[in-house]
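Source file: model37.txt. Holds: compact mmCIF, C-alpha atoms (C1' of nucleotides).
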```txt
# COMPACT_ATOMS: atom_id res chain seq x y z
CA MET A 30 84.39 106.30 55.01
CA ALA A 31 80.98 104.88 55.77
CA LYS A 32 78.32 107.28 56.91
CA VAL A 33 77.03 107.25 60.43
CA GLY A 34 73.64 105.94 59.40
CA ARG A 35 73.39 102.19 59.01
CA LYS A 36 75.38 100.63 56.22
CA PRO A 37 74.75 96.94 56.51
CA SER A 38 77.98 96.23 54.72
CA ALA A 39 79.18 92.67 55.13
CA LYS A 40 82.79 93.70 55.70
CA ARG A 41 81.78 96.26 58.23
CA GLU A 42 79.89 93.66 60.21
CA ALA A 43 82.80 91.24 59.95
CA ILE A 44 85.09 93.91 61.33
CA LEU A 45 82.76 94.62 64.22
CA ASP A 46 82.40 90.92 64.98
CA ALA A 47 86.14 90.34 64.96
CA ALA A 48 86.77 93.48 66.99
CA GLN A 49 84.18 92.51 69.56
CA ALA A 50 85.69 89.08 69.99
CA ALA A 51 89.16 90.55 70.37
CA PHE A 52 88.25 93.41 72.71
CA LEU A 53 86.17 91.22 75.00
CA GLU A 54 88.73 88.46 75.02
CA ASP A 55 91.95 90.45 75.36
CA GLY A 56 90.94 93.89 76.52
CA TYR A 57 91.32 97.20 74.75
CA ALA A 58 95.07 97.74 74.82
CA ALA A 59 96.04 94.15 74.10
CA THR A 60 93.91 94.14 70.98
CA SER A 61 95.74 95.16 67.82
CA MET A 62 94.27 96.45 64.63
CA ASP A 63 96.34 93.87 62.79
CA GLY A 64 94.70 91.15 64.80
CA VAL A 65 91.24 92.52 64.10
CA ALA A 66 92.05 92.73 60.40
CA LEU A 67 93.21 89.14 60.43
CA GLY A 68 90.14 87.96 62.30
CA ALA A 69 87.83 89.80 59.92
CA CYS A 70 89.71 88.59 56.80
CA VAL A 71 90.18 92.20 55.79
CA SER A 72 93.11 94.52 55.36
CA LYS A 73 93.92 97.03 58.04
CA ALA A 74 93.26 99.87 55.63
CA THR A 75 89.72 98.65 55.19
CA ILE A 76 89.13 98.97 58.90
CA TYR A 77 90.27 102.57 58.75
CA ALA A 78 87.94 103.13 55.82
CA HIS A 79 85.05 102.32 58.17
CA PHE A 80 86.32 103.54 61.51
CA ALA A 81 88.48 106.56 62.05
CA SER A 82 90.54 105.14 64.90
CA LYS A 83 90.90 102.27 67.31
CA ASP A 84 89.00 104.29 69.88
CA GLN A 85 86.07 104.71 67.56
CA LEU A 86 86.08 101.08 66.58
CA PHE A 87 85.95 100.18 70.24
CA ALA A 88 83.13 102.64 70.78
CA ALA A 89 81.18 101.14 67.90
CA VAL A 90 81.59 97.67 69.33
CA ILE A 91 80.41 98.68 72.77
CA GLN A 92 77.53 100.75 71.43
CA ARG A 93 76.35 97.89 69.23
CA ARG A 94 76.44 95.48 72.12
CA CYS A 95 74.54 97.95 74.28
CA GLU A 96 71.63 98.15 71.87
CA ARG A 97 69.82 95.05 72.94
CA GLU A 98 68.69 92.63 75.55
CA SER A 99 66.66 93.59 78.50
CA VAL A 100 63.72 91.27 78.70
CA PHE A 101 62.55 91.68 82.21
CA GLN A 102 58.92 91.54 81.28
CA ALA A 103 56.65 91.37 84.29
CA PRO A 104 56.07 87.76 85.27
CA GLU A 105 53.11 86.12 83.60
CA GLY A 106 49.85 85.65 85.42
CA LEU A 107 49.72 86.89 88.97
CA PRO A 108 52.34 85.00 90.91
CA ASP A 109 53.03 85.79 94.50
CA ALA A 110 55.94 88.07 95.30
CA ARG A 111 58.34 85.28 96.17
CA THR A 112 57.82 83.57 92.85
CA ALA A 113 58.04 86.81 90.92
CA LEU A 114 61.24 87.89 92.64
CA THR A 115 62.78 84.49 92.13
CA GLN A 116 62.05 84.61 88.42
CA VAL A 117 63.53 88.06 88.10
CA ALA A 118 66.59 87.09 90.10
CA ARG A 119 67.20 84.01 87.98
CA ARG A 120 67.06 86.07 84.83
CA LEU A 121 69.33 88.80 86.15
CA LEU A 122 71.92 86.60 87.80
CA GLY A 123 72.08 84.42 84.71
CA LEU A 124 72.79 87.49 82.68
CA LEU A 125 75.37 88.86 85.10
CA LEU A 126 77.27 85.59 85.22
CA SER A 127 77.32 84.99 81.48
CA PRO A 128 80.82 85.03 80.03
CA GLU A 129 79.92 87.78 77.58
CA ALA A 130 78.51 90.08 80.26
CA LEU A 131 81.51 89.49 82.51
CA ALA A 132 83.91 90.23 79.68
CA MET A 133 81.97 93.34 78.80
CA TYR A 134 82.02 94.49 82.40
CA ARG A 135 85.78 93.96 82.64
CA VAL A 136 86.65 95.90 79.53
CA VAL A 137 84.22 98.76 80.12
CA VAL A 138 85.29 99.19 83.72
CA SER A 139 88.93 99.20 82.73
CA GLU A 140 88.41 101.84 80.03
CA SER A 141 85.77 103.89 81.82
CA MET A 142 88.12 106.61 82.98
CA ARG A 143 89.54 107.14 79.50
CA GLN A 144 86.28 106.87 77.60
CA PRO A 145 83.58 108.49 79.76
CA ASP A 146 81.03 108.42 76.95
CA LEU A 147 81.31 104.68 76.69
CA ALA A 148 81.03 104.29 80.42
CA ARG A 149 77.80 106.24 80.35
CA ALA A 150 76.41 104.33 77.38
CA PHE A 151 77.17 101.06 79.10
CA TYR A 152 75.66 102.21 82.35
CA GLU A 153 72.48 103.48 80.76
CA SER A 154 71.84 100.48 78.58
CA GLY A 155 73.00 97.94 81.14
CA PRO A 156 72.71 98.52 84.88
CA ALA A 157 70.34 101.48 84.66
CA ALA A 158 67.99 99.87 82.15
CA GLY A 159 67.86 96.64 84.10
CA LYS A 160 67.23 98.46 87.33
CA ALA A 161 64.39 100.45 85.79
CA GLN A 162 62.68 97.33 84.52
CA ILE A 163 62.99 95.51 87.80
CA ALA A 164 61.84 98.56 89.74
CA GLU A 165 58.70 98.61 87.62
CA ILE A 166 58.00 95.01 88.56
CA MET A 167 58.61 95.89 92.20
CA ALA A 168 56.17 98.76 91.94
CA GLU A 169 53.57 96.50 90.36
CA LEU A 170 53.99 93.99 93.16
CA ALA A 171 53.52 96.78 95.66
CA ARG A 172 50.36 97.97 93.90
CA ARG A 173 48.98 94.46 94.12
CA GLY A 174 49.72 94.38 97.82
CA ALA A 175 52.20 91.58 97.34
CA LEU A 176 54.96 93.75 98.74
CA THR A 177 54.92 96.58 101.24
CA LEU A 178 57.49 99.17 100.30
CA SER A 179 57.70 102.88 100.06
CA ASP A 180 60.43 103.23 97.44
CA PRO A 181 60.61 100.57 94.73
CA TRP A 182 63.87 102.00 93.42
CA GLN A 183 65.63 101.66 96.72
CA ALA A 184 64.33 98.16 97.21
CA THR A 185 65.44 97.25 93.70
CA ASP A 186 68.89 98.61 94.34
CA MET A 187 69.27 96.42 97.39
CA PHE A 188 67.82 93.40 95.66
CA ILE A 189 70.22 93.66 92.76
CA GLY A 190 73.10 94.21 95.14
CA MET A 191 72.31 90.98 96.93
CA LEU A 192 72.76 89.13 93.66
CA ARG A 193 76.19 90.60 92.99
CA THR A 194 78.01 89.07 95.89
CA ASP A 195 80.95 86.80 96.39
CA LEU A 196 79.83 84.45 93.64
CA PHE A 197 79.85 87.27 91.12
CA MET A 198 83.18 88.58 92.32
CA ARG A 199 84.86 85.22 91.96
CA LYS A 200 83.48 84.73 88.47
CA LEU A 201 84.54 88.23 87.55
CA LEU A 202 88.09 87.59 88.70
CA GLY A 203 88.21 84.19 87.05
CA LEU A 204 88.57 82.32 90.33
CA PRO A 205 87.05 78.87 90.85
CA LEU A 206 83.84 78.77 92.82
CA ARG A 207 83.60 77.15 96.20
CA GLU A 208 81.60 73.96 96.18
CA ASP A 209 78.82 75.35 98.32
CA GLN A 210 78.36 78.39 96.09
CA SER A 211 75.56 78.26 93.57
CA PRO A 212 73.39 80.86 91.89
CA GLU A 213 70.28 79.19 93.25
CA GLN A 214 71.52 79.50 96.80
CA VAL A 215 72.28 83.18 96.32
CA ILE A 216 68.89 83.75 94.75
CA ASP A 217 67.05 81.95 97.53
CA THR A 218 68.82 83.91 100.22
CA ALA A 219 68.27 87.26 98.51
CA VAL A 220 64.60 86.58 97.89
CA ASP A 221 64.17 85.40 101.43
CA ILE A 222 65.61 88.61 102.81
CA MET A 223 63.42 90.69 100.54
CA MET A 224 60.34 88.82 101.69
CA ARG A 225 61.27 89.24 105.34
CA ALA A 226 61.89 92.92 104.84
CA TYR A 227 59.07 93.81 102.47
CA GLY A 228 56.67 90.89 102.55
CA PRO A 229 52.99 91.73 102.84
CA VAL A 230 52.85 90.59 106.44
CA ARG A 231 55.25 92.82 108.28
CA PRO A 232 56.01 92.72 111.97
CA PRO A 233 54.81 95.71 113.96
CA VAL A 234 57.71 98.09 114.31
CA ALA A 235 59.25 97.59 117.73
CA MET B 13 118.85 92.02 90.69
CA ALA B 14 117.49 92.40 94.18
CA LYS B 15 116.61 89.24 96.06
CA VAL B 16 113.07 88.27 96.80
CA GLY B 17 113.45 88.91 100.49
CA ARG B 18 112.91 92.50 101.56
CA LYS B 19 115.45 95.02 100.41
CA PRO B 20 114.36 98.33 101.81
CA SER B 21 116.28 100.15 99.11
CA ALA B 22 115.23 103.74 98.66
CA LYS B 23 115.26 103.54 94.86
CA ARG B 24 113.27 100.35 94.92
CA GLU B 25 110.61 102.01 97.02
CA ALA B 26 110.61 105.05 94.76
CA ILE B 27 110.08 102.79 91.77
CA LEU B 28 107.22 100.99 93.47
CA ASP B 29 105.62 104.28 94.46
CA ALA B 30 105.86 105.72 90.99
CA ALA B 31 104.66 102.48 89.42
CA GLN B 32 101.70 102.29 91.74
CA ALA B 33 100.66 105.83 90.93
CA ALA B 34 100.95 105.16 87.22
CA PHE B 35 99.24 101.77 87.16
CA LEU B 36 96.34 102.92 89.29
CA GLU B 37 95.95 106.14 87.37
CA ASP B 38 96.39 104.91 83.81
CA GLY B 39 95.94 101.17 83.91
CA TYR B 40 98.44 98.46 83.10
CA ALA B 41 98.84 98.81 79.34
CA ALA B 42 98.84 102.59 79.25
CA THR B 43 101.65 102.74 81.78
CA SER B 44 105.13 102.83 80.27
CA MET B 45 108.35 101.89 81.92
CA ASP B 46 109.75 105.22 80.72
CA GLY B 47 107.01 106.98 82.59
CA VAL B 48 107.69 105.04 85.75
CA ALA B 49 111.40 105.76 85.45
CA LEU B 50 110.66 109.44 85.08
CA GLY B 51 108.28 109.44 88.03
CA ALA B 52 110.79 107.64 90.21
CA CYS B 53 113.72 109.84 89.12
CA VAL B 54 115.55 106.71 88.06
CA SER B 55 116.80 105.32 84.80
CA LYS B 56 114.84 102.60 83.11
CA ALA B 57 117.74 100.20 83.46
CA THR B 58 117.55 100.59 87.22
CA ILE B 59 113.97 99.42 87.17
CA TYR B 60 115.03 96.29 85.31
CA ALA B 61 117.78 95.78 87.85
CA HIS B 62 115.06 95.41 90.49
CA PHE B 63 112.19 93.88 88.55
CA ALA B 64 112.55 91.40 85.75
CA SER B 65 109.68 92.68 83.65
CA LYS B 66 106.74 95.01 83.54
CA ASP B 67 104.49 92.14 84.58
CA GLN B 68 106.56 91.50 87.68
CA LEU B 69 106.69 95.16 88.55
CA PHE B 70 102.93 95.27 88.34
CA ALA B 71 102.68 92.17 90.48
CA ALA B 72 104.96 93.69 93.09
CA VAL B 73 102.84 96.83 93.20
CA ILE B 74 99.61 94.92 93.64
CA GLN B 75 101.09 92.55 96.19
CA ARG B 76 102.45 95.41 98.25
CA ARG B 77 99.13 97.16 98.24
CA CYS B 78 97.38 93.97 99.25
CA GLU B 79 99.47 93.59 102.39
CA ARG B 80 97.58 95.95 104.57
CA GLU B 81 94.41 97.56 105.74
CA SER B 82 91.53 95.63 107.09
CA VAL B 83 90.57 97.11 110.39
CA PHE B 84 87.12 95.85 110.95
CA GLN B 85 87.62 95.35 114.64
CA ALA B 86 84.44 94.47 116.45
CA PRO B 87 82.63 97.61 117.56
CA GLU B 88 83.61 98.87 120.97
CA GLY B 89 81.44 98.21 123.98
CA LEU B 90 78.26 96.30 123.38
CA PRO B 91 76.19 98.30 120.94
CA ASP B 92 72.94 97.00 119.60
CA ALA B 93 72.95 95.29 116.23
CA ARG B 94 71.74 98.33 114.32
CA THR B 95 74.55 100.49 115.63
CA ALA B 96 77.14 97.81 115.06
CA LEU B 97 76.03 97.16 111.51
CA THR B 98 75.93 100.85 110.74
CA GLN B 99 79.47 101.29 111.96
CA VAL B 100 80.69 98.37 109.90
CA ALA B 101 78.84 99.59 106.83
CA ARG B 102 80.29 103.08 107.14
CA ARG B 103 83.78 101.70 107.33
CA LEU B 104 83.32 99.33 104.41
CA LEU B 105 81.50 101.69 102.09
CA GLY B 106 84.02 104.41 102.82
CA LEU B 107 86.75 102.02 101.82
CA LEU B 108 84.96 100.81 98.69
CA LEU B 109 84.30 104.34 97.48
CA SER B 110 87.81 105.64 98.10
CA PRO B 111 89.57 106.67 94.91
CA GLU B 112 92.47 104.31 95.59
CA ALA B 113 90.24 101.30 96.12
CA LEU B 114 88.22 102.08 93.02
CA ALA B 115 91.37 102.45 90.94
CA MET B 116 92.72 99.22 92.33
CA TYR B 117 89.50 97.44 91.54
CA ARG B 118 89.51 98.73 87.96
CA VAL B 119 93.05 97.69 87.20
CA VAL B 120 92.88 94.30 88.89
CA VAL B 121 89.59 93.41 87.24
CA SER B 122 90.92 94.42 83.86
CA GLU B 123 94.07 92.31 84.23
CA SER B 124 92.54 89.42 86.13
CA MET B 125 92.24 87.13 83.14
CA ARG B 126 95.88 87.61 82.18
CA GLN B 127 97.33 87.50 85.66
CA PRO B 128 95.33 84.95 87.65
CA ASP B 129 97.77 84.99 90.54
CA LEU B 130 97.21 88.66 91.04
CA ALA B 131 93.48 88.24 90.86
CA ARG B 132 93.66 85.67 93.61
CA ALA B 133 95.98 87.76 95.78
CA PHE B 134 93.66 90.72 95.44
CA TYR B 135 90.61 88.65 96.20
CA GLU B 136 92.11 87.02 99.26
CA SER B 137 93.49 90.18 100.80
CA GLY B 138 90.57 92.38 99.80
CA PRO B 139 87.05 91.03 99.41
CA ALA B 140 87.67 87.71 101.16
CA ALA B 141 89.51 89.22 104.13
CA GLY B 142 86.90 91.91 104.59
CA LYS B 143 84.10 89.41 104.39
CA ALA B 144 85.75 87.19 106.96
CA GLN B 145 86.13 90.03 109.42
CA ILE B 146 82.57 91.19 109.01
CA ALA B 147 81.25 87.65 109.25
CA GLU B 148 82.99 87.32 112.58
CA ILE B 149 81.23 90.43 113.82
CA MET B 150 77.94 89.03 112.55
CA ALA B 151 78.58 85.79 114.38
CA GLU B 152 79.35 87.67 117.58
CA LEU B 153 76.12 89.64 117.27
CA ALA B 154 74.27 86.37 116.80
CA ARG B 155 75.92 84.87 119.88
CA ARG B 156 74.80 87.88 121.88
CA GLY B 157 71.27 87.40 120.66
CA ALA B 158 71.37 90.72 118.87
CA LEU B 159 70.76 88.98 115.55
CA THR B 160 68.95 85.79 114.68
CA LEU B 161 70.69 84.07 111.81
CA SER B 162 71.75 80.58 110.92
CA ASP B 163 74.65 81.38 108.59
CA PRO B 164 76.72 84.49 109.34
CA TRP B 165 78.62 84.09 106.08
CA GLN B 166 75.54 84.16 103.97
CA ALA B 167 74.16 87.14 105.83
CA THR B 168 77.48 88.94 105.44
CA ASP B 169 77.50 88.27 101.74
CA MET B 170 74.09 89.86 101.36
CA PHE B 171 74.96 92.76 103.61
CA ILE B 172 78.08 93.60 101.65
CA GLY B 173 76.16 93.25 98.40
CA MET B 174 73.65 95.81 99.54
CA LEU B 175 76.46 98.31 99.95
CA ARG B 176 77.78 97.78 96.43
CA THR B 177 74.82 99.07 94.54
CA ASP B 178 74.10 101.82 92.05
CA LEU B 179 76.14 104.34 94.00
CA PHE B 180 79.21 102.14 93.80
CA MET B 181 78.66 101.38 90.13
CA ARG B 182 78.44 105.05 89.21
CA LYS B 183 81.57 105.89 91.14
CA LEU B 184 83.35 102.96 89.58
CA LEU B 185 82.45 104.13 86.09
CA GLY B 186 83.28 107.74 86.89
CA LEU B 187 79.73 108.95 86.42
CA PRO B 188 78.31 111.81 88.48
CA LEU B 189 76.05 110.81 91.33
CA ARG B 190 72.38 111.61 91.36
CA GLU B 191 71.47 114.24 93.92
CA ASP B 192 69.47 111.87 96.06
CA GLN B 193 72.27 109.34 96.25
CA SER B 194 74.41 109.33 99.35
CA PRO B 195 76.41 106.72 101.18
CA GLU B 196 74.41 107.36 104.32
CA GLN B 197 71.17 106.63 102.55
CA VAL B 198 72.52 103.38 101.17
CA ILE B 199 73.82 102.39 104.59
CA ASP B 200 70.54 103.17 106.32
CA THR B 201 68.55 101.16 103.83
CA ALA B 202 70.89 98.18 103.95
CA VAL B 203 70.99 98.13 107.73
CA ASP B 204 67.24 98.48 107.87
CA ILE B 205 66.75 95.46 105.65
CA MET B 206 69.20 93.43 107.69
CA MET B 207 67.36 94.33 110.89
CA ARG B 208 64.02 93.41 109.39
CA ALA B 209 65.36 90.12 108.13
CA TYR B 210 67.58 89.11 111.02
CA GLY B 211 66.63 91.35 113.92
CA PRO B 212 66.11 89.70 117.28
CA VAL B 213 62.36 90.19 117.12
CA ARG B 214 61.25 88.26 114.07
CA PRO B 215 57.73 87.94 112.80
CA PRO B 216 56.19 84.50 113.05
CA VAL B 217 56.61 82.82 109.72
CA ALA B 218 53.32 83.00 107.85
C1' DG C 25 123.44 99.32 91.43
C1' DT C 26 123.10 102.88 88.41
C1' DC C 27 123.64 105.23 84.39
C1' DT C 28 123.55 106.46 78.83
C1' DA C 29 122.71 104.70 74.65
C1' DT C 30 120.73 101.34 71.83
C1' DA C 31 118.59 97.00 69.96
C1' DT C 32 114.40 95.16 68.44
C1' DA C 33 109.76 94.77 67.73
C1' DC C 34 105.29 96.16 66.94
C1' DA C 35 101.77 99.42 67.38
C1' DG C 36 98.36 102.84 65.06
C1' DA C 37 97.65 105.13 61.08
C1' DT C 38 98.34 106.49 55.95
C1' DA C 39 99.68 106.65 50.64
C1' DG C 40 98.44 105.43 46.48
C1' DA C 41 97.15 101.81 43.02
C1' DC C 42 93.01 99.46 41.53
C1' DG D 15 85.87 100.33 49.13
C1' DT D 16 89.63 97.46 49.19
C1' DC D 17 94.12 96.21 48.76
C1' DT D 18 99.74 96.16 49.47
C1' DA D 19 103.36 98.55 51.22
C1' DT D 20 105.06 101.80 54.25
C1' DC D 21 105.68 105.73 57.51
C1' DT D 22 106.41 107.02 62.19
C1' DG D 23 106.28 106.80 66.92
C1' DT D 24 106.96 104.40 70.98
C1' DA D 25 107.18 100.32 73.72
C1' DT D 26 109.86 96.65 76.37
C1' DA D 27 114.10 95.18 77.26
C1' DT D 28 119.33 95.05 77.11
C1' DA D 29 124.61 96.21 76.48
C1' DG D 30 128.27 97.98 78.47
C1' DA D 31 130.67 101.78 80.99
C1' DC D 32 131.22 103.41 85.74
```

Rewrite the structure from the file as structure tokens, please.
Amino acid sequence: MAKVGRKPSAKREAILDAAQAAFLEDGYAATSMDGVALGACVSKATIYAHFASKDQLFAAVIQRRCERESVFQAPEGLPDARTALTQVARRLLGLLLSPEALAMYRVVVSESMRQPDLARAFYESGPAAGKAQIAEIMAELARRGALTLSDPWQATDMFIGMLRTDLFMRKLLGLPLREDQSPEQVIDTAVDIMMRAYGPVRPPVA
Amino acid sequence: MAKVGRKPSAKREAILDAAQAAFLEDGYAATSMDGVALGACVSKATIYAHFASKDQLFAAVIQRRCERESVFQAPEGLPDARTALTQVARRLLGLLLSPEALAMYRVVVSESMRQPDLARAFYESGPAAGKAQIAEIMAELARRGALTLSDPWQATDMFIGMLRTDLFMRKLLGLPLREDQSPEQVIDTAVDIMMRAYGPVRPPVA
DNA sequence: GTCTATATACAGATAGAC
DNA sequence: GTCTATCTGTATATAGAC
């Protein structure tokens, strides 16, 4: 069996690729090792030479997919808060609505109770990492005086929540979108609320 | 086989109860018809006398669970917007965080791509119905002048989103909550943002 | 409608040659 | 490491008696 340290074996990568496609497409239980072997042009025994079990193959797939993407660098230059938040929201909502992210979310959520380690890995590398990066941008905007907020983490939580609304739910469930639903409209509304709530010019508290 | 119209057979109900417990606890694939039969104190053949297949048993379970609960009646009396929104948020977040709702969400999301009809039934009776009821309350608050908003549906979407944040995600994935996370804190923050954005006294637009 | 017993298929995992 | 061939368990679904 291959060691834990990287073994950039071609077959191993082919197995992981085929397994990822199958798991994300069909879910954990509906994916068979025979199918993965077929997709990777490899015998089933070869899979077991690299991965001890279906569980561990699944874990390797999820872990590999968790080790990447983030890319919420602080907006270039010194844009105003509205522009900065809009850029961040576009990036995040685009990511959330991508077919790969939705498939990943479905399969991890469905297996989270049976594979707690995977649930944590996904959470840390996905939602938690994204939140941390956006919170840092929020904090920077607050330092510049572009936003007035006491807790960037709380504000970030709410901001992200406002992006995962009905549009996200429908995509997640595979339902068609209503005509008047668009990511841009969600983004505009969310940013608008953030600016009303935390914009630099705040109404005197009643 | 039993007709489609209601047959309040005791065994049928026992089967549905056992199946619901199993599906919500273990997920669709990991639930076996043998297990359901055991849980319902019934032979497996009896299950197939009532339900044509595992798929249809699952559908019946989900459908039955979808035909109920809502209960977002407009707050009693004429409370101010902050009180009304807080009451609504408490009710909704309590529902979202309940173990049954979380289990339902997990299993429906995981099977949504393979059973589109179920996904739609869940969406209509769950998220869509809840949103409609809350939007009506929003609209009533706007009519009273307690909120200033042009589109109650949009505002409702954002409000609900702000309740489904990190706290919800961690519960969904079965992760322990951070000490400083509490439903009440999420509710207070969300309501506060709504009041800042849509409260009757709005700042002049800069 | 309900049961016992069984058909049939396919899953995950392994043995052993190369 | 990789293959072919196989073991073994268990799943969905059904036959046929009552």

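Shell of C:DC34 at 12 Å, with all atoms listed in the file counted and residues fewer than 3 places along the chain excluded, is Ala59, Ser61, Met62, Asp63 and Gly64 of chain A; DT22, DG23, DT24, DA25 and DT26 of chain D.
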
Give me the residues within 9 Å of B:Ala41 as an mmCIF file with C-alpha atoms, in the frame of the given file, counting all atoms listed in the file and dropping any in the same chain fewer than 4 places off.
```cif
data_model
loop_
_atom_site.group_PDB
_atom_site.id
_atom_site.type_symbol
_atom_site.label_atom_id
_atom_site.label_comp_id
_atom_site.auth_asym_id
_atom_site.auth_seq_id
_atom_site.Cartn_x
_atom_site.Cartn_y
_atom_site.Cartn_z
ATOM 1 C CA TYR A 57 91.320 97.200 74.750
ATOM 2 C CA ALA A 58 95.070 97.740 74.820
ATOM 3 C CA ALA A 59 96.040 94.150 74.100
ATOM 4 C CA PHE B 35 99.240 101.770 87.160
#
```

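Between atom CA of A:Arg94 and atom C1' of D:DC17 there is a distance of 29.3 Å.
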
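The space separating atom CA of B:Pro212 from atom CA of B:Arg155 comes to 11.2 Å.
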
Using only C-alpha atoms (C1' of nucleotides) and a cut-off of 10 Å, which residues of chain C sit close to chain A? Please list them as a count of residues only. 5

Counting only C-alpha atoms (C1' of nucleotides), what is within 12 Å of A:Ala43, bar same-chain residues fewer than 4 positions away, as JSON, numbers by chain? {"A": [37, 38, 39, 47, 48, 49, 50, 65, 66, 67, 68, 69, 70, 71, 72, 75, 76, 79, 90]}

One decimal, in Å: what's the spacing between atom CA of A:Gly228 and atom CA of A:Leu176? 5.1 Å

Give one line per residue of chain D that approaches chain A to at most 10 Å, naming the two atoms of the closest pair and their distance in Å to one decimal, counting all atoms listed in the file; sort by chain then ascending residue number and deliver it as JSON lines.
```
{"residue": "D:DG15", "atom": "C1'", "partner": "A:Thr75", "partner_atom": "CA", "distance": 7.4}
{"residue": "D:DT16", "atom": "C1'", "partner": "A:Thr75", "partner_atom": "CA", "distance": 6.1}
{"residue": "D:DC17", "atom": "C1'", "partner": "A:Ser72", "partner_atom": "CA", "distance": 6.9}
{"residue": "D:DT18", "atom": "C1'", "partner": "A:Ser72", "partner_atom": "CA", "distance": 9.0}
```

Residue with the minimum atom-to-atom distance to A:Met224, picked from A:Ala168, A:Leu131, A:Ala161, A:Ala113 with all atoms listed in the file counted, is A:Ala113

Is there a way to get, as an NGL selection string, all residues within 12 Å of the point (89.0, 104.6, 79.5) in file coordinates, counting only C-alpha atoms (C1' of nucleotides)? (:A and (56-58 or 84 or 87-88 or 135-149)) or (:B and (37-42 or 115 or 118-119 or 122 or 184-186))

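You can rank A:Ala184, A:Met191, A:Met223, A:Val215 by their closest distance to chain B using only C-alpha atoms, and at the top of that list sits A:Met191.
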
Mind checking which residues fall within 9 Å of B:Tyr135, counting all atoms listed in the file, ignoring those fewer than 5 positions away in the same chain, and posting them as a ChimeraX atom specification? /A:198-199,202,204 /B:130,140-141

Residues within 12 Å of B:Pro139, please, as a PyMOL selection string. Count only C-alpha atoms (C1' of nucleotides); anything in the same chain fewer than 2 positions from it doesn't count. (chain A and resi 194-199+202) or (chain B and resi 78+81-82+104+107-108+113+117+131-137+141-147+168-169+172-173+176)

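Shortest atom-to-atom contact with chain B among A:Leu114, A:Met167, A:Leu53, A:Ile44: A:Leu53, counting only C-alpha atoms.
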
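Of the residues under consideration (A:Leu192, A:Ala175, A:Ser211, A:Ile216), A:Leu192 shows the shortest atom-to-atom contact distance to chain B when counting only C-alpha atoms.
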